[in-house]
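K.L.:
The structure file input-v2.txt (compact mmCIF, C-alpha atoms) is provided below.
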# COMPACT_ATOMS: atom_id res chain seq x y z
CA LYS A 995 13.38 19.97 -20.30
CA GLU A 996 13.32 16.16 -20.27
CA SER A 997 15.37 14.04 -22.63
CA VAL A 998 13.56 12.21 -25.40
CA MET A 999 10.62 10.24 -24.12
CA ASP A 1000 8.02 9.19 -26.67
CA ASP A 1001 4.62 10.68 -25.94
CA LEU A 1002 5.51 11.14 -22.28
CA SER A 1003 5.82 14.71 -21.16
CA GLU A 1004 6.95 15.63 -17.66
CA GLU A 1005 3.38 16.48 -16.79
CA ASN A 1006 2.22 12.94 -17.41
CA THR A 1007 4.82 10.80 -15.70
CA PHE A 1008 5.37 9.91 -12.11
CA SER A 1009 8.36 11.81 -10.73
CA VAL A 1010 10.13 9.79 -8.05
CA ASP A 1011 12.25 12.79 -7.00
CA GLU A 1012 9.30 15.09 -6.53
CA VAL A 1013 7.35 12.50 -4.58
CA SER A 1014 10.35 11.54 -2.49
CA GLN A 1015 10.71 15.18 -1.37
CA ILE A 1016 7.05 15.36 -0.50
CA ILE A 1017 7.23 12.23 1.63
CA LYS A 1018 10.38 13.27 3.49
CA GLU A 1019 8.93 16.66 4.28
CA GLY A 1020 5.74 15.01 5.49
CA VAL A 1021 7.54 12.71 7.91
CA GLU A 1022 9.93 15.38 9.22
CA THR A 1023 7.10 17.80 9.76
CA CYS A 1024 4.73 15.37 11.46
CA ILE A 1025 7.17 13.29 13.51
CA GLY A 1026 10.68 14.76 13.53
CA THR A 1027 12.36 13.83 16.80
CA SER A 1028 9.25 12.69 18.66
CA GLN A 1029 9.43 9.58 20.81
CA PHE A 1030 7.22 6.62 19.93
CA GLN A 1031 3.90 6.98 21.72
CA GLN A 1032 1.04 4.55 21.35
CA ASN A 1033 -1.59 7.25 21.69
CA LYS A 1034 -0.07 9.54 19.08
CA VAL A 1035 0.70 7.01 16.43
CA ASN A 1036 -2.72 7.15 14.75
CA GLN A 1037 -2.49 10.89 14.50
CA TRP A 1038 0.98 10.67 13.00
CA THR A 1039 0.11 8.19 10.28
CA SER A 1040 -2.97 10.23 9.35
CA SER A 1041 -1.07 13.50 9.25
CA ILE A 1042 1.74 12.14 7.17
CA ILE A 1043 -0.66 10.69 4.65
CA GLU A 1044 -2.79 13.80 4.56
CA HIS A 1045 0.29 15.94 3.96
CA CYS A 1046 1.40 13.65 1.14
CA LEU A 1047 -1.95 13.53 -0.63
CA ASN A 1048 -2.39 17.29 -0.37
CA GLN A 1049 1.00 17.99 -1.88
CA LEU A 1050 0.54 15.32 -4.53
CA THR A 1051 -2.79 16.68 -5.72
CA LYS A 1052 -1.21 20.15 -5.85
CA LEU A 1053 1.16 18.82 -8.50
CA GLY A 1054 -1.92 18.83 -10.74
CA LYS A 1055 -0.92 15.72 -12.67
CA PRO A 1056 -3.49 13.32 -14.19
CA PHE A 1057 -2.91 10.61 -11.58
CA LYS A 1058 -4.73 8.55 -8.99
CA TYR A 1059 -2.68 8.05 -5.82
CA VAL A 1060 -2.44 5.45 -3.07
CA ALA A 1061 -0.39 6.45 -0.03
CA ASN A 1062 0.54 4.02 2.70
CA CYS A 1063 2.31 4.70 6.00
CA VAL A 1064 3.71 2.18 8.50
CA ILE A 1065 5.10 3.16 11.89
CA MET A 1066 6.82 0.61 14.08
CA GLN A 1067 8.30 0.99 17.52
CA LYS A 1068 12.00 0.07 17.73
CA ASN A 1069 11.76 -3.01 19.83
CA GLY A 1070 13.84 -5.63 18.13
CA ALA A 1071 10.96 -7.16 16.19
CA GLY A 1072 11.55 -8.17 12.60
CA LEU A 1073 9.43 -6.38 9.99
CA HIS A 1074 9.28 -7.03 6.30
CA THR A 1075 7.10 -5.34 3.74
CA ALA A 1076 6.77 -5.84 0.00
CA SER A 1077 4.47 -4.64 -2.74
CA SER A 1078 3.72 -5.48 -6.32
CA CYS A 1079 1.78 -3.57 -8.93
CA TYR A 1080 -0.17 -4.53 -11.98
CA TRP A 1081 -0.10 -1.29 -13.91
CA ASP A 1082 1.18 0.59 -16.95
CA ASN A 1083 4.99 0.55 -16.79
CA GLN A 1084 5.32 3.58 -18.99
CA THR A 1085 3.35 6.03 -16.95
CA ASP A 1086 2.88 4.65 -13.46
CA GLY A 1087 5.34 4.65 -10.60
CA SER A 1088 5.95 4.36 -6.90
CA CYS A 1089 8.22 5.81 -4.27
CA THR A 1090 9.06 4.22 -0.92
CA ILE A 1091 10.88 6.10 1.79
CA LYS A 1092 12.28 4.40 4.89
CA TRP A 1093 12.91 6.80 7.72
CA GLU A 1094 13.81 6.42 11.38
CA ASN A 1095 14.57 8.29 14.53
CA LYS A 1096 15.72 6.97 17.93
CA THR A 1097 12.48 5.21 18.82
CA MET A 1098 10.68 4.26 15.65
CA HIS A 1099 10.83 3.14 12.05
CA VAL A 1100 8.58 4.79 9.48
CA ILE A 1101 7.95 3.49 5.97
CA VAL A 1102 5.89 5.58 3.56
CA THR A 1103 4.98 4.42 0.07
CA VAL A 1104 3.19 6.41 -2.61
CA PHE A 1105 1.87 4.77 -5.78
CA GLY A 1106 0.82 6.97 -8.70
CA LEU A 1107 -1.34 5.56 -11.48
CA ALA A 1108 -1.95 7.55 -14.64
CA ILE A 1109 -5.52 8.14 -15.57
CA SER B 398 -22.74 -13.49 -8.40
CA PHE B 399 -25.69 -11.28 -7.58
CA LYS B 400 -25.53 -8.19 -5.38
CA ALA B 401 -28.85 -7.05 -3.98
CA GLY B 402 -30.06 -3.54 -3.16
CA MET B 403 -27.25 -1.03 -3.63
CA ASP B 404 -28.27 2.50 -4.63
CA ASN B 405 -26.92 4.13 -7.73
CA LEU B 406 -24.59 1.38 -8.78
CA GLU B 407 -24.92 0.76 -12.45
CA ALA B 408 -21.63 -1.04 -12.73
CA THR B 409 -21.99 -4.74 -13.33
CA ASP B 410 -19.97 -7.40 -11.54
CA GLU B 411 -17.50 -7.42 -14.40
CA SER B 412 -16.32 -3.90 -13.85
CA SER B 413 -16.55 -3.15 -10.16
CA PHE B 414 -14.16 -3.93 -7.36
CA SER B 415 -15.47 -6.83 -5.34
CA VAL B 416 -14.29 -6.74 -1.75
CA ASP B 417 -15.55 -10.27 -1.10
CA GLU B 418 -13.76 -11.79 -4.03
CA VAL B 419 -10.53 -10.01 -3.23
CA SER B 420 -10.79 -10.85 0.45
CA ASN B 421 -10.96 -14.54 -0.41
CA ILE B 422 -8.01 -14.27 -2.75
CA ILE B 423 -5.92 -12.65 -0.03
CA LYS B 424 -6.87 -15.13 2.70
CA GLU B 425 -6.14 -18.10 0.48
CA SER B 426 -2.73 -16.71 -0.44
CA VAL B 427 -1.67 -16.16 3.14
CA GLU B 428 -2.94 -19.55 4.28
CA ASP B 429 -1.20 -21.29 1.40
CA VAL B 430 2.11 -19.53 1.71
CA ILE B 431 2.47 -19.08 5.45
CA GLY B 432 -0.18 -21.11 7.28
CA THR B 433 1.26 -22.34 10.57
CA ALA B 434 4.91 -21.57 9.80
CA HIS B 435 7.00 -20.04 12.56
CA TYR B 436 8.48 -16.57 11.99
CA SER B 437 11.84 -16.98 10.30
CA HIS B 438 14.06 -14.06 9.34
CA ASN B 439 15.52 -15.79 6.33
CA LYS B 440 12.17 -16.93 4.94
CA VAL B 441 10.26 -13.71 5.35
CA GLY B 442 11.37 -12.24 2.00
CA GLN B 443 10.21 -15.35 0.21
CA TRP B 444 6.85 -15.33 2.01
CA THR B 445 5.98 -11.74 1.20
CA SER B 446 6.92 -12.28 -2.46
CA SER B 447 4.90 -15.47 -2.74
CA VAL B 448 1.81 -14.02 -1.07
CA ILE B 449 1.93 -11.03 -3.38
CA GLU B 450 2.60 -13.09 -6.48
CA GLN B 451 -0.32 -15.39 -5.77
CA CYS B 452 -2.60 -12.41 -5.15
CA VAL B 453 -1.61 -10.61 -8.34
CA ASN B 454 -2.05 -13.78 -10.37
CA GLN B 455 -5.53 -14.46 -9.02
CA LEU B 456 -6.53 -10.83 -9.38
CA THR B 457 -5.50 -10.62 -13.02
CA ARG B 458 -7.38 -13.86 -13.67
CA LEU B 459 -10.57 -12.09 -12.66
CA GLY B 460 -10.20 -10.34 -16.01
CA LYS B 461 -11.56 -7.01 -14.79
CA PRO B 462 -10.42 -3.66 -16.22
CA PHE B 463 -8.34 -2.71 -13.20
CA LYS B 464 -4.81 -1.76 -12.23
CA TYR B 465 -3.81 -3.34 -8.91
CA ILE B 466 -1.47 -2.49 -6.07
CA VAL B 467 -0.78 -5.27 -3.59
CA THR B 468 1.25 -4.79 -0.43
CA CYS B 469 2.20 -7.34 2.18
CA LEU B 470 3.65 -6.71 5.62
CA VAL B 471 4.93 -9.42 7.97
CA MET B 472 5.89 -8.60 11.53
CA GLN B 473 7.30 -10.85 14.19
CA LYS B 474 5.24 -11.00 17.39
CA ASN B 475 7.60 -9.35 19.79
CA GLY B 476 5.62 -6.79 21.71
CA ALA B 477 6.43 -3.89 19.37
CA GLY B 478 3.71 -1.43 18.46
CA LEU B 479 2.81 -1.18 14.79
CA ASN B 480 0.47 1.21 13.06
CA THR B 481 -0.31 1.39 9.38
CA ALA B 482 -2.61 3.68 7.46
CA SER B 483 -3.36 4.38 3.83
CA SER B 484 -5.28 6.92 1.92
CA CYS B 485 -6.29 7.04 -1.71
CA TYR B 486 -6.97 9.77 -4.19
CA TRP B 487 -9.15 7.93 -6.68
CA ASP B 488 -12.56 7.53 -8.23
CA SER B 489 -14.80 6.47 -5.36
CA GLN B 490 -17.43 5.08 -7.69
CA THR B 491 -15.29 2.45 -9.34
CA ASP B 492 -12.18 1.97 -7.23
CA GLY B 493 -11.83 -0.02 -4.06
CA SER B 494 -9.53 -1.64 -1.55
CA CYS B 495 -9.43 -4.65 0.68
CA ILE B 496 -7.17 -5.00 3.70
CA ILE B 497 -6.80 -8.25 5.59
CA LYS B 498 -5.12 -8.59 8.97
CA TRP B 499 -4.04 -12.14 9.71
CA GLU B 500 -1.96 -13.76 12.42
CA ASN B 501 -0.63 -17.02 13.67
CA LYS B 502 1.34 -17.78 16.85
CA SER B 503 4.52 -16.02 15.85
CA MET B 504 3.67 -13.29 13.38
CA TYR B 505 1.22 -10.70 12.10
CA VAL B 506 0.53 -10.35 8.40
CA ILE B 507 -1.27 -7.43 6.78
CA VAL B 508 -2.14 -7.62 3.09
CA SER B 509 -3.71 -4.70 1.18
CA VAL B 510 -5.08 -4.75 -2.30
CA PHE B 511 -6.05 -1.54 -4.07
CA GLY B 512 -7.96 -1.80 -7.34
CA LEU B 513 -8.16 1.21 -9.63
CA ALA B 514 -10.42 1.16 -12.64
CA VAL B 515 -8.75 1.73 -15.96
Show how you would write the structure in this file as structure tokens.
P.N.:
Amino acid sequence: KESVMDDLSEENTFSVDEVSQIIKEGVETCIGTSQFQQNKVNQWTSSIIEHCLNQLTKLGKPFKYVANCVIMQKNGAGLHTASSCYWDNQTDGSCTIKWENKTMHVIVTVFGLAI
Amino acid sequence: SFKAGMDNLEATDESSFSVDEVSNIIKESVEDVIGTAHYSHNKVGQWTSSVIEQCVNQLTRLGKPFKYIVTCLVMQKNGAGLNTASSCYWDSQTDGSCIIKWENKSMYVIVSVFGLAV
């Protein structure tokens, strides 16, 4: 399946592609074309994250996960986010997806840390 | 430092996530790097990197058996609505997180640190 990776089988590494799909599906499903609404935003971030964690745990890999979701109204404000990780470069990984529709920006990040 | 009265915690200070310690590390970093600065589009990248770098350095100095994830968000105060949430699939006995919301006159800063026992 995978090309030569010492001691690292597919089952034990973080797959950016797989996780990226999961995140995109989560956002499309929970938000899609909705308009930004203050009173729905909490629900949206929770649903997106719940969707992601459910799908991630279904992958059955030996990982701990941290999922983070930011939703910002399109209002001209500047927003900058950054993250840094102190982990095992061989096995751990992260995936950040930036998504938007007409009224909001959504940034979802998933970090996977091998156990 | 000594933690009084917590049921079922056999972990010593050296191997558990200390919210207080981490909270101080985060606050110091933000104060040092940003403080009273005014929001500036061309400095924001530098600020987030510096805050994060200072946090990771101080965290690793604690010498605990943890992997860390540090995120930093800076948003200009402009009336926009912002919501952030995170969820973790981890070992609730040993792992922990600390999230600090900070602001000055022109911006909001949110720093999160997640510590996962090795």
K.L.:
Which residues of chain A are close to chain B, meaning at most 7 Å apart when you count all atoms listed in the file, and how do they look as a list of chain:residue names?
P.N.:
A:Val1035, A:Asn1036, A:Thr1039, A:Ser1040, A:Ile1043, A:Lys1058, A:Tyr1059, A:Val1060, A:Ala1061, A:Asn1062, A:Cys1063, A:Val1064, A:Ile1065, A:Met1066, A:Gln1067, A:Asn1069, A:Ala1071, A:Gly1072, A:Leu1073, A:His1074, A:Thr1075, A:Ala1076, A:Ser1077, A:Ser1078, A:Cys1079, A:Tyr1080, A:Trp1081
K.L.:
Using CA of Ile1016 (chain A) and CA of Val1100 (chain A) as the two end points, give the distance in Å to one decimal.
P.N.:
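Value for the CA of Ile1016 (chain A)-CA of Val1100 (chain A) distance: 14.6 Å.
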K.L.:
Quote the spacing between CA of Asp492 (chain B) and CA of Cys1089 (chain A) in Å to one decimal place.
P.N.:
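Calculated distance between CA of Asp492 (chain B) and CA of Cys1089 (chain A) is 21.0 Å.
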K.L.:
So which residues touch Val416 (chain B) within 9 Å, counting only C-alpha atoms, skipping near sequence neighbours fewer than 6 positions away, as a CSV table (one decimal) with C-alpha atoms, in the frame of the given file?
P.N.:
chain,number,residue,atom,x,y,z
B,493,GLY,CA,-11.8,0.0,-4.1
B,494,SER,CA,-9.5,-1.6,-1.6
B,495,CYS,CA,-9.4,-4.6,0.7
K.L.:
Expressed in Å to a single decimal, how great is the separation between CA of Asn421 (chain B) and CA of Gly460 (chain B)?
P.N.:
16.2 Å
K.L.:
From the set B:Pro462, B:Glu428, B:His435, B:Lys440, which residue has the shortest atom-to-atom contact distance to Phe414 (chain B), counting only C-alpha atoms?
P.N.:
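Comparing B:Pro462, B:Glu428, B:His435, B:Lys440 against Phe414 (chain B), the winner is B:Pro462.
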K.L.:
In the coordinates of the file, take the point (1.1, 19.7, -4.1) and a cut-off of 12 Å; then, counting all atoms listed in the file, name each qualifying protein, DNA or RNA residue as a list in words.
P.N.:
Glu1012, Val1013, Gln1015, Ile1016, Ile1017, Glu1019, Gly1020, Glu1044, His1045, Cys1046, Leu1047, Asn1048, Gln1049, Leu1050, Thr1051, Lys1052, Leu1053, Gly1054 and Lys1055 of chain A
K.L.:
Quick one: of A:Ile1025, A:Lys1096, A:Thr1085, A:Thr1090, who's nearest to Asp1011 (chain A), counting all atoms listed in the file?
P.N.:
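The answer is A:Thr1090, which sits nearest to Asp1011 (chain A).
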K.L.:
Select, counting all atoms listed in the file, all protein, DNA and RNA residues no farther than 6 Å from (6.6, 5.9, 0.7) in file coordinates, and express the selection as a list in words.
P.N.:
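Neighbouring residues, ordered by chain and number, come to Cys1089, Thr1090, Ile1091, Ile1101, Val1102, Thr1103 and Val1104 of chain A.
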K.L.:
Contacts of Asn1083 (chain A) at 12 Å or less, counting only C-alpha atoms, minus same-chain residues fewer than 5 places along, as a list in words?
P.N.:
Leu1002, Thr1007, Phe1008, Ser1088, Gly1106, Leu1107 and Ala1108 of chain A; Lys464 of chain B
K.L.:
Which residue, A:Asp1082, A:Ser1009, A:Ile1109, A:Asn1095, has the smallest gap to Gly1026 (chain A) when you use all atoms listed in the file?
P.N.:
A:Asn1095
